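Novice: This is target-v2.cif, which holds mmCIF, C-alpha atoms (C1' of nucleotides):
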```cif
data_coords
#
loop_
_atom_site.label_atom_id
_atom_site.label_comp_id
_atom_site.auth_asym_id
_atom_site.auth_seq_id
_atom_site.Cartn_x
_atom_site.Cartn_y
_atom_site.Cartn_z
CA MET A 1 56.99 89.42 103.92
CA PHE A 2 57.37 86.09 102.21
CA ALA A 3 55.57 87.66 99.26
CA VAL A 4 58.71 89.68 98.47
CA PHE A 5 60.70 86.49 98.21
CA GLU A 6 58.00 84.75 96.25
CA GLN A 7 57.98 87.44 93.64
CA TYR A 8 61.77 87.35 93.47
CA ILE A 9 62.13 83.60 93.16
CA ARG A 10 59.40 83.26 90.58
CA GLN A 11 61.33 85.65 88.38
CA GLN A 12 64.54 83.74 88.87
CA ALA A 13 63.36 80.14 88.69
CA ASP A 14 60.42 78.35 87.22
CA LEU A 15 58.75 76.87 90.30
CA THR A 16 55.38 75.24 90.80
CA ASP A 17 52.99 76.58 93.40
CA ALA A 18 53.69 73.53 95.52
CA GLU A 19 57.40 74.21 95.41
CA VAL A 20 56.95 77.81 96.43
CA GLU A 21 54.74 76.65 99.27
CA LEU A 22 57.43 74.21 100.35
CA LEU A 23 59.97 77.03 100.43
CA ARG A 24 57.58 79.12 102.49
CA ALA A 25 56.77 76.35 104.92
CA ARG A 26 60.42 75.76 105.73
CA SER A 27 61.47 79.40 105.90
CA VAL A 28 61.96 81.46 109.02
CA VAL A 29 61.25 85.19 108.85
CA ARG A 30 63.17 87.44 111.19
CA LYS A 31 63.22 91.14 111.86
CA LEU A 32 66.34 93.07 112.73
CA ARG A 33 66.56 96.49 114.32
CA LYS A 34 69.00 99.07 113.04
CA TRP A 35 72.55 98.12 114.02
CA GLN A 36 71.50 94.67 115.16
CA SER A 37 74.12 92.02 114.56
CA LEU A 38 73.30 88.98 112.50
CA LEU A 39 76.72 87.37 112.56
CA HIS A 40 79.55 88.04 114.98
CA GLU A 41 83.05 86.88 114.14
CA GLY A 42 83.85 83.57 115.80
CA GLU A 43 80.35 82.25 115.27
CA ILE A 44 79.53 79.69 112.62
CA TRP A 45 77.18 80.93 109.93
CA ARG A 46 74.51 78.36 109.18
CA LEU A 47 71.93 80.26 107.17
CA ASN A 48 70.80 81.09 103.73
CA CYS A 49 69.56 84.59 104.18
CA PHE A 50 67.43 86.60 101.78
CA ILE A 51 66.73 90.26 102.49
CA ALA A 52 63.06 91.10 102.02
CA SER A 53 63.44 94.69 103.16
CA GLY A 54 66.13 96.86 104.63
CA CYS A 55 69.87 96.77 104.31
CA CYS A 56 72.86 94.85 105.72
CA ARG A 57 76.59 94.86 105.39
CA LEU A 58 79.26 92.23 105.77
CA TYR A 59 82.51 93.54 107.18
CA ARG A 60 85.73 92.45 108.76
CA PHE A 61 88.21 94.03 111.13
CA SER A 62 91.85 94.33 110.23
CA ASP A 63 94.62 94.04 112.79
CA ASP A 64 94.64 97.75 113.51
CA GLY A 65 91.01 97.59 114.57
CA THR A 66 89.45 99.38 111.61
CA ASP A 67 86.55 97.73 109.84
CA HIS A 68 86.31 97.08 106.12
CA THR A 69 83.11 96.47 104.23
CA LEU A 70 83.19 93.41 102.01
CA ARG A 71 79.61 93.62 100.81
CA PHE A 72 76.40 95.54 101.10
CA ALA A 73 73.04 93.92 100.52
CA VAL A 74 69.61 95.47 100.17
CA GLU A 75 66.19 93.93 99.50
CA ASN A 76 66.17 91.10 96.96
CA TRP A 77 69.78 90.31 97.67
CA TRP A 78 71.28 87.49 99.64
CA ILE A 79 73.82 87.94 102.38
CA THR A 80 76.02 85.13 103.59
CA ASP A 81 79.45 84.11 104.73
CA HIS A 82 80.12 81.41 102.17
CA GLU A 83 83.25 80.15 103.80
CA SER A 84 81.86 79.65 107.27
CA TYR A 85 78.70 78.17 105.77
CA ARG A 86 80.51 75.71 103.55
CA THR A 87 83.17 74.58 105.97
CA ALA A 88 81.23 75.03 109.22
CA THR A 89 84.18 76.89 110.73
CA PRO A 90 84.11 80.09 112.81
CA SER A 91 83.60 83.17 110.73
CA VAL A 92 86.07 86.02 110.46
CA TYR A 93 83.31 88.35 109.30
CA ASN A 94 80.49 90.30 110.87
CA ILE A 95 77.08 91.05 109.47
CA GLU A 96 74.90 93.86 110.77
CA ALA A 97 71.67 95.56 109.77
CA LEU A 98 72.12 99.17 108.62
CA ALA A 99 68.41 99.86 109.06
CA GLY A 100 65.32 98.03 110.17
CA THR A 101 65.50 94.87 108.10
CA THR A 102 63.38 91.81 107.42
CA ILE A 103 65.14 88.64 106.40
CA ILE A 104 63.91 85.27 105.26
CA THR A 105 66.15 82.42 106.26
CA TRP A 106 66.63 78.70 105.86
CA THR A 107 69.17 76.69 107.78
CA LYS A 108 71.81 74.83 105.84
CA GLU A 109 70.18 71.48 106.59
CA VAL A 110 66.80 72.66 105.35
CA TRP A 111 68.27 74.37 102.31
CA GLU A 112 70.12 71.26 101.23
CA GLU A 113 66.91 69.28 101.41
CA LEU A 114 65.17 71.95 99.40
CA ILE A 115 67.66 72.12 96.57
CA GLU A 116 67.58 68.35 96.29
CA ALA A 117 63.77 68.36 96.25
CA VAL A 118 63.48 71.27 93.82
CA PRO A 119 65.85 70.98 90.86
CA ALA A 120 65.00 74.43 89.53
CA LEU A 121 66.01 75.87 92.87
CA LYS A 122 69.34 74.11 92.69
CA THR A 123 70.00 75.48 89.24
CA PHE A 124 69.09 78.95 90.38
CA TYR A 125 71.33 78.66 93.43
CA GLU A 126 74.32 77.53 91.41
CA GLN A 127 73.85 80.42 89.02
CA LEU A 128 73.57 82.82 91.91
CA GLN A 129 76.91 81.65 93.23
CA ALA A 130 78.48 81.83 89.82
CA ARG A 131 77.28 85.40 89.36
CA SER A 132 78.60 86.34 92.80
CA TYR A 133 81.99 85.07 91.84
CA GLU A 134 81.96 86.98 88.59
CA ALA A 135 80.97 90.15 90.41
CA SER A 136 83.88 89.69 92.79
CA GLN A 137 86.25 89.38 89.82
CA ARG A 138 84.98 92.66 88.46
CA ARG A 139 85.44 94.27 91.83
CA ILE A 140 89.01 93.03 92.05
CA PHE A 141 89.67 94.51 88.65
CA SER A 142 88.25 97.82 89.75
CA LEU A 143 90.34 97.79 92.91
CA ILE A 144 93.62 97.10 91.14
CA SER A 145 93.05 99.15 88.01
CA SER A 146 91.10 102.28 88.91
CA PRO A 147 92.15 105.44 90.73
CA ALA A 148 90.02 106.42 93.71
CA GLU A 149 87.68 108.68 91.83
CA ALA A 150 86.85 106.08 89.20
CA LYS A 151 86.18 103.49 91.91
CA TYR A 152 83.75 105.87 93.49
CA ARG A 153 81.93 106.54 90.23
CA GLU A 154 81.78 102.88 89.30
CA PHE A 155 80.27 102.03 92.65
CA GLN A 156 77.72 104.79 92.35
CA GLN A 157 76.71 103.66 88.88
CA THR A 158 76.79 99.94 89.52
CA TYR A 159 74.90 99.95 92.82
CA PRO A 160 72.80 103.12 92.94
CA LEU A 161 70.27 101.45 95.26
CA VAL A 162 73.00 100.75 97.75
CA PHE A 163 74.75 104.04 97.27
CA ASN A 164 71.71 106.06 98.19
CA ARG A 165 71.16 104.27 101.45
CA VAL A 166 74.41 103.63 103.22
CA PRO A 167 76.59 106.11 105.09
CA LEU A 168 79.45 107.49 103.04
CA HIS A 169 82.09 106.39 105.48
CA MET A 170 81.00 102.81 104.83
CA VAL A 171 81.23 103.39 101.11
CA ALA A 172 84.77 104.57 101.75
CA SER A 173 85.55 101.42 103.69
CA TYR A 174 84.10 99.38 100.81
CA LEU A 175 86.27 101.17 98.28
CA GLY A 176 89.42 100.97 100.36
CA MET A 177 89.93 104.67 101.03
CA SER A 178 89.52 107.01 103.99
CA ARG A 179 86.24 108.83 104.42
CA GLU A 180 88.07 112.15 104.09
CA THR A 181 89.41 111.14 100.69
CA LEU A 182 85.96 110.08 99.58
CA SER A 183 84.54 113.33 100.85
CA ARG A 184 87.06 115.37 98.86
CA LEU A 185 86.38 113.36 95.73
CA ARG A 186 82.79 114.40 95.88
CA ARG A 187 82.87 118.09 95.12
CA MET J 1 101.32 64.54 81.11
CA PHE J 2 97.91 63.21 82.03
CA ALA J 3 99.63 61.50 84.95
CA VAL J 4 100.00 64.91 86.64
CA PHE J 5 96.28 65.40 86.45
CA GLU J 6 95.56 61.85 87.52
CA GLN J 7 97.59 62.26 90.67
CA TYR J 8 95.88 65.58 91.37
CA ILE J 9 92.33 64.41 90.84
CA ARG J 10 92.79 61.23 92.85
CA GLN J 11 93.80 63.37 95.80
CA GLN J 12 90.82 65.61 95.38
CA ALA J 13 88.05 63.16 94.54
CA ASP J 14 87.47 59.50 95.10
CA LEU J 15 87.30 58.15 91.55
CA THR J 16 87.34 54.63 90.20
CA ASP J 17 89.94 53.59 87.64
CA ALA J 18 87.22 53.55 85.01
CA GLU J 19 86.25 57.11 85.81
CA VAL J 20 89.82 58.31 85.59
CA GLU J 21 90.12 56.56 82.28
CA LEU J 22 86.98 58.28 81.08
CA LEU J 23 88.45 61.65 82.02
CA ARG J 24 91.62 60.79 80.17
CA ALA J 25 89.85 59.57 77.08
CA ARG J 26 87.92 62.80 76.71
CA SER J 27 90.75 65.15 77.54
CA VAL J 28 92.86 67.12 75.12
CA VAL J 29 96.47 67.86 76.02
CA ARG J 30 98.02 70.98 74.58
CA LYS J 31 101.42 72.61 74.80
CA LEU J 32 101.95 76.34 74.87
CA ARG J 33 105.14 78.21 74.16
CA LYS J 34 106.23 81.09 76.36
CA TRP J 35 104.03 84.16 75.72
CA GLN J 36 101.56 82.14 73.67
CA SER J 37 98.01 83.35 74.04
CA LEU J 38 95.32 80.96 75.20
CA LEU J 39 92.47 83.44 75.27
CA HIS J 40 92.24 86.78 73.55
CA GLU J 41 89.59 89.29 74.60
CA GLY J 42 86.57 89.12 72.34
CA GLU J 43 86.77 85.35 72.04
CA ILE J 44 84.43 83.03 73.88
CA TRP J 45 86.12 80.78 76.38
CA ARG J 46 84.83 77.22 76.11
CA LEU J 47 87.31 75.16 78.08
CA ASN J 48 88.00 73.68 81.41
CA CYS J 49 91.73 74.01 81.62
CA PHE J 50 94.07 72.30 84.06
CA ILE J 51 97.75 73.24 84.12
CA ALA J 52 99.97 70.17 84.21
CA SER J 53 103.19 72.16 84.01
CA GLY J 54 104.22 75.74 83.50
CA CYS J 55 102.49 78.97 84.35
CA CYS J 56 99.75 81.25 83.02
CA ARG J 57 98.14 84.50 83.89
CA LEU J 58 94.72 85.98 83.32
CA TYR J 59 94.74 89.73 82.76
CA ARG J 60 92.66 92.57 81.48
CA PHE J 61 93.38 95.94 79.95
CA SER J 62 91.98 99.10 81.44
CA ASP J 63 90.96 102.08 79.34
CA ASP J 64 94.39 103.67 79.53
CA GLY J 65 95.93 100.61 77.93
CA THR J 66 97.72 99.19 80.95
CA ASP J 67 97.18 95.56 81.81
CA HIS J 68 96.14 94.22 85.19
CA THR J 69 96.66 90.69 86.38
CA LEU J 70 93.56 89.07 87.80
CA ARG J 71 95.08 85.66 88.47
CA PHE J 72 98.18 83.59 88.14
CA ALA J 73 98.07 79.84 87.81
CA VAL J 74 100.85 77.27 87.99
CA GLU J 75 100.81 73.48 87.75
CA ASN J 76 97.92 71.78 89.54
CA TRP J 77 95.78 74.88 89.22
CA TRP J 78 92.93 75.62 86.91
CA ILE J 79 92.67 78.69 84.75
CA THR J 80 89.42 79.86 83.27
CA ASP J 81 87.24 82.79 82.46
CA HIS J 82 84.16 81.77 84.40
CA GLU J 83 81.97 84.47 83.01
CA SER J 84 82.62 83.85 79.35
CA TYR J 85 82.41 80.10 79.97
CA ARG J 86 79.12 80.26 81.81
CA THR J 87 77.35 82.78 79.64
CA ALA J 88 79.06 81.98 76.31
CA THR J 89 79.69 85.67 75.74
CA PRO J 90 82.89 87.33 74.47
CA SER J 91 85.55 87.57 77.12
CA VAL J 92 87.01 90.80 78.41
CA TYR J 93 90.08 88.95 79.64
CA ASN J 94 93.24 87.54 78.15
CA ILE J 95 95.14 84.44 79.16
CA GLU J 96 98.75 83.86 78.23
CA ALA J 97 101.49 81.39 79.10
CA LEU J 98 104.35 82.91 81.10
CA ALA J 99 106.59 79.95 80.30
CA GLY J 100 106.41 76.73 78.34
CA THR J 101 103.20 75.20 79.62
CA THR J 102 101.27 71.98 79.24
CA ILE J 103 97.54 72.11 79.76
CA ILE J 104 94.87 69.44 79.89
CA THR J 105 91.53 70.60 78.60
CA TRP J 106 87.94 69.52 78.21
CA THR J 107 85.37 71.47 76.26
CA LYS J 108 82.32 72.68 78.09
CA GLU J 109 80.11 70.10 76.37
CA VAL J 110 82.39 67.25 77.32
CA TRP J 111 82.85 68.51 80.84
CA GLU J 112 79.13 68.72 81.45
CA GLU J 113 78.74 65.15 80.34
CA LEU J 114 81.56 64.13 82.62
CA ILE J 115 80.24 65.77 85.75
CA GLU J 116 76.87 64.16 85.15
CA ALA J 117 78.45 60.79 84.61
CA VAL J 118 80.84 61.05 87.57
CA PRO J 119 79.14 62.39 90.71
CA ALA J 120 82.39 62.62 92.67
CA LEU J 121 83.74 64.87 89.93
CA LYS J 122 80.74 67.12 90.20
CA THR J 123 81.17 67.44 93.95
CA PHE J 124 84.83 68.22 93.50
CA TYR J 125 84.08 70.82 90.84
CA GLU J 126 81.51 72.59 92.98
CA GLN J 127 83.94 72.72 95.87
CA LEU J 128 86.64 74.07 93.61
CA GLN J 129 84.38 76.90 92.56
CA ALA J 130 83.37 77.58 96.13
CA ARG J 131 87.00 77.78 97.21
CA SER J 132 87.81 80.10 94.33
CA TYR J 133 85.10 82.45 95.46
CA GLU J 134 86.33 82.40 99.03
CA ALA J 135 89.86 83.14 97.87
CA SER J 136 88.58 86.12 95.92
CA GLN J 137 86.85 87.44 99.04
CA ARG J 138 90.12 87.24 100.94
CA ARG J 139 91.86 89.04 98.14
CA ILE J 140 89.30 91.81 98.16
CA PHE J 141 89.82 92.19 101.88
CA SER J 142 93.55 92.42 101.39
CA LEU J 143 93.14 95.01 98.65
CA ILE J 144 90.88 97.29 100.68
CA SER J 145 92.48 96.81 104.09
CA SER J 146 96.23 96.45 103.68
CA PRO J 147 98.88 98.99 102.82
CA ALA J 148 101.11 98.17 99.88
CA GLU J 149 103.84 96.48 101.85
CA ALA J 150 101.44 94.13 103.63
CA LYS J 151 99.83 93.18 100.32
CA TYR J 152 103.22 92.27 98.99
CA ARG J 153 104.09 90.15 101.99
CA GLU J 154 100.73 88.41 102.00
CA PHE J 155 101.12 87.52 98.36
CA GLN J 156 104.61 86.23 98.89
CA GLN J 157 103.50 84.07 101.81
CA THR J 158 100.22 82.87 100.32
CA TYR J 159 101.53 81.99 96.88
CA PRO J 160 105.27 81.33 97.16
CA LEU J 161 105.18 78.99 94.18
CA VAL J 162 103.79 81.75 92.03
CA PHE J 163 105.92 84.47 93.52
CA ASN J 164 109.15 82.73 92.62
CA ARG J 165 108.24 82.32 89.00
CA VAL J 166 106.57 85.40 87.65
CA PRO J 167 108.13 88.76 86.73
CA LEU J 168 107.87 91.36 89.46
CA HIS J 169 106.12 93.88 87.29
CA MET J 170 103.28 91.37 86.94
CA VAL J 171 103.16 90.91 90.70
CA ALA J 172 102.83 94.68 90.91
CA SER J 173 99.97 94.63 88.44
CA TYR J 174 98.32 91.88 90.48
CA LEU J 175 98.65 93.88 93.68
CA GLY J 176 97.45 97.12 92.14
CA MET J 177 100.62 99.16 92.45
CA SER J 178 103.32 100.40 90.09
CA ARG J 179 106.41 98.27 89.57
CA GLU J 180 108.53 101.09 90.96
CA THR J 181 106.60 101.04 94.20
CA LEU J 182 106.95 97.28 94.45
CA SER J 183 110.62 97.54 93.73
CA ARG J 184 111.12 100.07 96.51
CA LEU J 185 109.19 97.96 99.00
CA ARG J 186 111.67 95.19 98.47
CA ARG J 187 114.86 96.58 99.85
"C1'" DC R 1 128.45 90.36 72.23
"C1'" DG R 2 124.45 93.37 71.27
"C1'" DA R 3 119.50 93.56 71.91
"C1'" DT R 4 115.81 93.13 74.66
"C1'" DT R 5 113.44 92.79 78.82
"C1'" DC R 6 113.25 93.34 83.67
"C1'" DT R 7 114.47 95.74 87.79
"C1'" DT R 8 116.12 99.39 90.39
"C1'" DT R 9 117.04 104.25 91.50
"C1'" DG R 10 116.43 109.36 91.72
"C1'" DA R 11 113.81 113.58 91.89
"C1'" DA R 12 109.55 116.00 91.38
"C1'" DA R 13 104.72 116.08 91.47
"C1'" DA R 14 100.33 114.15 92.57
"C1'" DC R 15 97.74 111.77 95.72
"C1'" DA R 16 95.95 109.86 100.00
"C1'" DG R 17 96.17 109.49 105.03
"C1'" DT R 18 95.94 111.57 109.68
"C1'" DC R 19 94.41 114.59 113.12
"C1'" DA R 20 91.70 118.18 114.62
"C1'" DA R 21 88.13 121.26 114.00
"C1'" DT R 22 83.86 122.62 111.98
"C1'" DC R 23 79.50 122.04 109.75
"C1'" DT R 24 74.99 119.65 108.95
"C1'" DG R 25 71.09 117.16 109.79
"C1'" DT R 26 68.33 114.19 112.95
"C1'" DG R 27 66.20 113.01 116.88
"C1'" DT R 28 65.43 113.64 122.02
"C1'" DG R 29 63.96 115.65 126.09
"C1'" DG R 30 62.87 119.86 128.51
"C1'" DC D 1 59.34 124.93 119.97
"C1'" DC D 2 63.92 125.22 121.38
"C1'" DA D 3 68.30 123.55 123.06
"C1'" DC D 4 71.15 119.96 123.08
"C1'" DA D 5 73.47 115.77 121.89
"C1'" DC D 6 74.94 112.82 118.48
"C1'" DA D 7 76.30 110.82 114.28
"C1'" DG D 8 77.76 111.73 109.84
"C1'" DA D 9 80.08 114.68 106.50
"C1'" DT D 10 83.24 118.13 105.29
"C1'" DT D 11 87.34 121.09 105.51
"C1'" DG D 12 92.17 122.61 106.54
"C1'" DA D 13 96.94 121.86 107.46
"C1'" DC D 14 100.28 118.69 107.53
"C1'" DT D 15 102.66 114.34 106.71
"C1'" DG D 16 103.72 110.42 104.38
"C1'" DT D 17 103.15 107.43 100.46
"C1'" DT D 18 102.68 106.46 95.62
"C1'" DT D 19 103.00 107.72 90.88
"C1'" DT D 20 105.38 109.48 87.10
"C1'" DC D 21 109.12 110.18 84.14
"C1'" DA D 22 113.67 109.51 83.09
"C1'" DA D 23 117.74 107.08 83.44
"C1'" DA D 24 120.78 103.58 84.78
"C1'" DG D 25 121.88 98.69 86.27
"C1'" DA D 26 121.03 93.53 85.89
"C1'" DA D 27 119.70 89.63 83.71
"C1'" DT D 28 118.44 86.89 79.78
"C1'" DC D 29 118.60 85.38 75.11
"C1'" DG D 30 119.67 84.87 70.54
#
```
Could you quickly redo this structure as structure tokens?
Specialist:
Amino acid sequence: MFAVFEQYIRQQADLTDAEVELLRARSVVRKLRKWQSLLHEGEIWRLNCFIASGCCRLYRFSDDGTDHTLRFAVENWWITDHESYRTATPSVYNIEALAGTTIITWTKEVWEELIEAVPALKTFYEQLQARSYEASQRRIFSLISSPAEAKYREFQQTYPLVFNRVPLHMVASYLGMSRETLSRLRR
Amino acid sequence: MFAVFEQYIRQQADLTDAEVELLRARSVVRKLRKWQSLLHEGEIWRLNCFIASGCCRLYRFSDDGTDHTLRFAVENWWITDHESYRTATPSVYNIEALAGTTIITWTKEVWEELIEAVPALKTFYEQLQARSYEASQRRIFSLISSPAEAKYREFQQTYPLVFNRVPLHMVASYLGMSRETLSRLRR
DNA sequence: CGATTCTTTGAAAACAGTCAATCTGTGTGG
DNA sequence: CCACACAGATTGACTGTTTTCAAAGAATCG
């Protein structure tokens, strides 16, 4: 399964064979069953986590007990709780697998060694974070500017790989509408 | 006006007097009149921009011609279009002063020299970006999980300094609701 | 003071949420 | 192979919220 990551990272950063081998040597591969939890609120998130296959979502409960999807992630994406990771404080989020999933992980301590040892990896990582931020700005714009139907279409067009694999009621929770509304939008 | 920034940056990062002087020497201070534009869509944003006094907003037009506020920023905040800055591509956003405003700026070229020359500044800058991202995640959660009234209250409580200084119809555009709705929530 | 901008209000229409019921597809065990 | 259970998706009726459009009050500014 590391091969999936290797192919990904070679596209994203110019690494030597030795550097790739270093990444492999320090990685931990884990398999998750469908619905298995990877992060439960209250825990501290300490991983960098790359999805080699499968699908996860990051979500959070609001006071009334309903859950809201902050992010989906499929293969070749990363999934993380930045805030808990950075500040080492208990997370308010949950992460679960939506299908059988294989992840490749590095602990924070290991990762920080790696990005110091491999400058191209550091550059890549900084760009990844920058792009994540930019994507979140675009999502905010969509949320405040678009009516429900347009949000739905934008999601479908922007993330077709995700759209085709996650239950619609989770798409609704991602878009901030009820599943019934989403359902009615669709015919 | 640089004194405002000096006080800010000394709180945020442990800099020597020489480093602060370096920051000052390479900075450009600019004054903006009320409603003056700092970035017009189509332009490339090349600045790091700290607000020493006053107030700005970053907004974007949707296809129907209405504008939507992505961010407000008051003194001791930064305002930037990350995407245009990072990728040197034309911006889709606009930035304007909502009052007489004094900004302290560094061009991208200068800033990159500075963060290489001053490690504590680099650390600070990375943390600033990380916190911005985390704040945007919280905002997304608020947008998808809260009813209109809760969004309003959260904004009021989270950013009282902003709330007390910007027109309500811009708050409405920030929260993704019509000004009439916001107005009715307020009685 | 008049002009402009901002905010509020009213009434109608459009939209989205809730609750309950039904439909559909999948997978399990008999 | 069928019957059943289950989760997910849809539909209907109803309620409540939000938008829209128009107009009227406040506030601000020259």
Novice: With a distance cut-off of 10 Å and all atoms listed in the file, select the neighbouring residues of DC4 in chain D, excluding the residue or stretch itself and same-chain residues fewer than 6 positions from it, and output the selection as number ranges by chain.
Specialist: R: 28-30
Novice: Taking only C-alpha atoms into account, what are the residues of chain J at most 9 Å from chain A, put as number ranges by chain?
Specialist: J: 60-62, 66-70, 82-83, 86, 126-127, 129-134, 136-137, 139-141, 143-146, 173-177
Novice: Report as a list in words the residues that result from applying the PyMOL selection byres ((chain R) within 12 of (chain A)) to the structure here.
Specialist: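 Expected selection for the PyMOL selection byres ((chain R) within 12 of (chain A)) here is DC15, DA16, DG17, DT18 and DC19 of chain R.
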Novice: I'd like to see the residues matched by the PyMOL selection byres ((chain D) within 10 of (chain J)) on this file, and ideally I'd get them as a VMD selection string.
Specialist: chain D and resid 17 to 20
Novice: Might you pull out every residue within 10 Å of DG27 in chain R, with all atoms listed in the file counted and same-chain residues fewer than 2 positions away left off, and present them as a list in words?
Specialist: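 That gives DG25 and DG29 of chain R; DA5 and DC6 of chain D.
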Novice: Apply the PyMOL selection byres ((chain A and resi 13) around 12) to the structure shown and report the selected residues as JSON, numbers by chain.
Specialist: {"A": [5, 6, 7, 8, 9, 10, 11, 12, 14, 15, 16, 17, 19, 20, 118, 119, 120, 121, 122, 123, 124, 125, 126, 127, 128]}
Novice: Between D:DC21, D:DG8, D:DT28, D:DG16, which one has atoms that come closest to DT5 in chain R, using only C-alpha atoms (C1' of nucleotides)?
Specialist: D:DT28
Novice: To one decimal in Å, tell me the separation between CA of Val162 in chain A and CA of Val29 in chain A.
Specialist: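 For CA of Val162 in chain A relative to CA of Val29 in chain A, the distance reads 22.4 Å.
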Novice: Figure out the distance between CA of Lys108 in chain J and CA of Leu22 in chain J, please, to one decimal in Å.
Specialist: 15.4 Å
Novice: Can you tell me how far CA of Leu182 in chain A sits from CA of Lys34 in chain A, in Å to one decimal?
Specialist: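 Those two atoms sit 24.3 Å apart.
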Novice: Using only C-alpha atoms (C1' of nucleotides) and a cutoff of 6 Å, can you tell me which residues are near (73.0, 94.2, 104.2) in the file's coordinates, and write them out as a tab-separated table (two decimals) with C-alpha atoms, in the frame of the given file?
Specialist:
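And here's out.tsv as it stands now:
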```tsv
chain	number	residue	atom	x	y	z
A	55	CYS	CA	69.87	96.77	104.31
A	56	CYS	CA	72.86	94.85	105.72
A	57	ARG	CA	76.59	94.86	105.39
A	72	PHE	CA	76.40	95.54	101.10
A	73	ALA	CA	73.04	93.92	100.52
A	74	VAL	CA	69.61	95.47	100.17
A	97	ALA	CA	71.67	95.56	109.77
```
Novice: For DC23 in chain R, find every residue with an atom within 10 Å (counting all atoms listed in the file), except residues of its own chain fewer than 6 positions away, and show them as a list of chain:residue names.
Specialist: D:DA9, D:DT10, D:DT11
Novice: Once you count all atoms listed in the file, which residues end up no further than 10 Å from (88.4, 61.2, 77.5) in the file's frame, shown as a VMD selection string?
Specialist: chain J and resid 19 to 28 105 to 106 110 to 111 114
Novice: With all atoms listed in the file as the atoms that count, which of J:Gly54, J:Pro167, J:Pro90, J:Pro160 lies nearest to DT7 in chain R?
Specialist: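 Smallest separation from DT7 in chain R among the options: J:Pro167.
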Novice: Considering only C-alpha atoms (C1' of nucleotides), can you say which of D:DA13, D:DC29, D:DA7, D:DA22 comes closest to DT26 in chain R?
Specialist: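 Looking at the shortest contact to DT26 in chain R, the residue is D:DA7.
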